Amino acid sequence: MKKKAYDLIKERGYIYQATSETEVEKLINGEPMTFYLGIDPTADSLHIGHFFALTMVRRLQKIGHHPIVLIGGATALIGDPSGRSDMRQMITKEQVIHNKNEVKELVKRFVQTDGDNPAIIVDNADWINPYSYIDFMRDVGKHFNINKMLATDCYKKRLEEGGLTFLEMGYMLMQAYDFDQLNRDYNCVLQVGGSDQWANMIAGSDLARKLDFQNGAKDRDLQAVTCPLLVKADGEKMGKTASGTLWVSRKKTTVYDFYQMFINSYDEDVERLLSFFSDIDMEDIKKMCATDIREAKKTMAFEVTKLVHGEDEAIKVKESSEAIFSGEKTQENAPSVEISYDLLNNDSNGLDVLVSANIITSKSEGRRLIEQNGISMNNEKIINPNFTITENNLTDNAILIQKGKKVFVKIIFNK
RNA sequence: GGAGAGUUAGCGAAGUGGUCAAACGCAUCUGACUGUAAAUCAGGUCUUUAGGGUUCAAUGGUUCAAAUCCAUUACUCUCCA
């Protein structure tokens with residue numbers, strides 16, 4: 001017997017909270033309906049958490065439901081206080097416009113926006129910007145009870161650890177209104193999002209109900225589901241790397257780093273990540289993880305990379321990673337940095353070169369690493385902190401530097 | 001607008017005149033062991049050299065000597081209006 005759509009999604013671990021599980025189940029198993037996911041363009045790329053939520057959108061789209069992706073052009077200007085202990089840095093309007101475009105392009109890569117069942121991309125600035133403050137407060141603001149709002153986790157944390165500004169209080173109203181608006185314009189009946197959005201999402205369902213009551217209209221029943229936050233086995237949020245956030249955009253995080261991040265994940269996380277980011281059958285996933293965890297991990301990293309960066313890139317990065325780590329440490333496949341040729345042939349230029357290539361941040365750090373046997377050049381450990389790189393070290397104008405066990409960088413000297 | 005408290009390294013948090021480049025925890029990096037995993041253990045985390053130089057919100061002052069005392073400014077929080 002074939003499993004129902006909802007069960008498949010639930011089995012893969014996507015369902016964390018739902019306003020009413022039975023209602024949501026009915027919606028997902030039933031006739032095609034319209035649902036939405038909101039993303040605030042607070043940066044010019046998407047991080048892995050956004051991407052995760054988008055995979056849920058993909059799955060729902062695939063079984064025939066109609067997705068709306070809302071880019072929060074208005075809400076990004078306010079900043080969501082959820083889960084934050086400090087106020088979000090305000091970003092400029094120009095920045096938001098720039099981010100909006102970048103984010104839109106990325107969303108298009110993951111969610112189908114043409115063909116039979118295209119996703120619609122909307123911007124909440126379109127309806128929030130024209131709304132006057134007084135009207136908004138009279139229409140929407142009056143339905144929000146501050147006591148209730150303060151009881152929610154997202155505001156509680158801000159209250160305890162810092163101060164809560166009126167700006168941030170307004171965020172929930174806007175997101176709630178978005179849901180109502182999308183319901184009226186597109187008959188959107190379900191909102192999906194990360195679990196940190198829970199309070200904002202149910203605020204939307206509540207608002208619709210209250211507005212209906214006030215207008216004497218029929219009760220709309222807007223549902224919300226959240227997916228779990230993507231965390232590692234140690235409870236840390238996933239996607240934080242040494243160099244910062246793990247971005248989906250190639251410009252901000254190289255494909256190599258992206259792949260490495262997943263290859264280095266904990267054994268315990270592999271099954272979950274596979275269930276989220278691959279289409280492999282759950283049974284097979286379980287089997288794979290039980291028999292050969294390392295192979296399963298490779299598959300997982302490959303599948304995620306394929307999804308985000310395409311199959312060609314994924315194959316390339318998989319091959320180069322395997323080449324580098326299986327002892328075959330050629331400079332062929334390592335990620336590369338280009339620096340000026342002029343740095344060559346000065347005495348004791350080694351550390352300078354490493355600093356300019358951003359492999360180390362300071363000369364002291366370099367000295368320390370060398371003392372601890374942490375730096376290799378062309379597969380030979382460097383012992384002398386005042387080492388010199390000369391033309392004799394180059395192969396095709398490049399050298400291969402290894403920092404620690406896992407960081408390989410090819411430095412190319414440009415003439 | 002009034003009264004009070006605060007601002008210390010990536011984060012949390014000690015330190016209230018010299019022994020403070022600043023305890024401790026987290027985070028992070030390197031090494032050992034491994035499986036490019038985890039756990040464990042060892043060492044490191046301002047910079048530059050082995051001589052130092054620049055840090056404790058900012059600026060100015062007191063002192064032989066300041067994260068520590070004083071003044072001004074900025075920001076944050078609590079209570080009152």
# chains A, B, ... in the order shown; residues from 1 in each chain; ligands from 1
>>> residues_around(residues="Asn358 in chain A", least_positions_apart="3", cutoff="12 Å", atoms="only C-alpha atoms (C1' of nucleotides)", output="ChimeraX atom specification")
/A:243,336-339,351-355,361-363,365-366,401,403,407,409-411
>>> interface_residues(of="chain A", to="chain B", cutoff="7 Å", atoms="only C-alpha atoms (C1' of nucleotides)", output="list in words")
Asn264, Ser265, Tyr266, Asp267, Phe325, Leu369, Gln372, Gly374, Gly404 and Lys406 of chain A
>>> select_by_dssp(residues="range 116-364 of chain A", states="strand (DSSP E)", output="ChimeraX atom specification")
/A:120-123,188-194,223-227,240-241,244-245,336-340
>>> write_last_selection(atoms="C-alpha atoms", output="PDB file, in the first residue's frame")
ATOM      1  CA  ILE A 120       4.556  32.514  -6.924  1.00  0.00           C
ATOM      2  CA  ILE A 121       7.055  34.901  -5.390  1.00  0.00           C
ATOM      3  CA  VAL A 122       5.587  37.874  -3.585  1.00  0.00           C
ATOM      4  CA  ASP A 123       6.928  40.718  -1.488  1.00  0.00           C
ATOM      5  CA  CYS A 188      -3.445  30.475   0.910  1.00  0.00           C
ATOM      6  CA  VAL A 189      -4.422  28.186   3.751  1.00  0.00           C
ATOM      7  CA  LEU A 190      -1.170  26.878   5.186  1.00  0.00           C
ATOM      8  CA  GLN A 191       2.000  28.533   6.354  1.00  0.00           C
ATOM      9  CA  VAL A 192       5.240  26.619   6.701  1.00  0.00           C
ATOM     10  CA  GLY A 193       8.375  27.818   8.415  1.00  0.00           C
ATOM     11  CA  GLY A 194      11.109  27.068  10.891  1.00  0.00           C
ATOM     12  CA  GLN A 223      -3.122  26.301   9.479  1.00  0.00           C
ATOM     13  CA  ALA A 224       0.579  26.472  10.231  1.00  0.00           C
ATOM     14  CA  VAL A 225       3.288  23.839  10.392  1.00  0.00           C
ATOM     15  CA  THR A 226       6.877  24.242  11.405  1.00  0.00           C
ATOM     16  CA  CYS A 227       9.851  22.135  10.573  1.00  0.00           C
ATOM     17  CA  LYS A 240      28.104  27.773  11.420  1.00  0.00           C
ATOM     18  CA  THR A 241      31.630  27.275  10.174  1.00  0.00           C
ATOM     19  CA  GLY A 244      31.082  32.219   9.444  1.00  0.00           C
ATOM     20  CA  THR A 245      27.712  31.136   8.206  1.00  0.00           C
ATOM     21  CA  SER A 336      42.710  27.932  -4.716  1.00  0.00           C
ATOM     22  CA  VAL A 337      43.651  31.463  -3.852  1.00  0.00           C
ATOM     23  CA  GLU A 338      45.452  33.816  -6.165  1.00  0.00           C
ATOM     24  CA  ILE A 339      48.040  36.247  -4.936  1.00  0.00           C
ATOM     25  CA  SER A 340      50.654  38.476  -6.447  1.00  0.00           C
TER      26      SER A 340
END
>>> atom_distance(atom1="CA of Asn414 in chain A", atom2="CA of Leu394 in chain A")
11.9 Å
>>> select_by_dssp(residues="range 185-217 of chain A", states="helix (DSSP H, G or I)", output="count of residues only")
23
>>> closest_atom_pairs(of="range 5-46 of chain B", to="range 53-67 of chain B", cutoff="12 Å", atoms="only C-alpha atoms (C1' of nucleotides)", output="CSV")
residue,atom,partner,partner_atom,distance
B:G6,C1',B:A57,C1',11.2
B:U7,C1',B:A57,C1',5.7
B:U8,C1',B:C56,C1',4.3
B:A9,C1',B:C56,C1',8.4
B:A14,C1',B:A67,C1',12.0
B:G15,C1',B:A67,C1',8.2
B:U16,C1',B:A67,C1',9.0
B:G17,C1',B:A66,C1',6.1
B:G18,C1',B:A65,C1',6.2
B:C20,C1',B:A67,C1',8.5
B:A21,C1',B:U55,C1',7.9
B:A22,C1',B:C56,C1',8.2
B:C46,C1',B:U55,C1',7.1
>>> write_last_selection(atoms="C-alpha atoms (C1' of nucleotides)", output="PDB file, in the first residue's frame")
ATOM      1  C1'   G B   6      26.286  49.229  33.892  1.00  0.00           C
ATOM      2  C1'   U B   7      29.830  49.022  29.165  1.00  0.00           C
ATOM      3  C1'   U B   8      36.299  43.988  30.174  1.00  0.00           C
ATOM      4  C1'   A B   9      39.072  39.737  24.580  1.00  0.00           C
ATOM      5  C1'   A B  14      36.069  37.696  37.281  1.00  0.00           C
ATOM      6  C1'   G B  15      39.181  41.673  38.412  1.00  0.00           C
ATOM      7  C1'   U B  16      37.927  48.119  41.975  1.00  0.00           C
ATOM      8  C1'   G B  17      45.746  51.578  41.909  1.00  0.00           C
ATOM      9  C1'   G B  18      51.308  48.111  40.991  1.00  0.00           C
ATOM     10  C1'   C B  20      47.097  42.380  34.745  1.00  0.00           C
ATOM     11  C1'   A B  21      48.229  40.792  28.016  1.00  0.00           C
ATOM     12  C1'   A B  22      43.984  40.430  32.310  1.00  0.00           C
ATOM     13  C1'   C B  46      45.814  41.061  20.463  1.00  0.00           C
TER      14        C B  46
END
>>> atom_distance(atom1="CA of Arg220 in chain A", atom2="CA of Ala119 in chain A")
23.1 Å
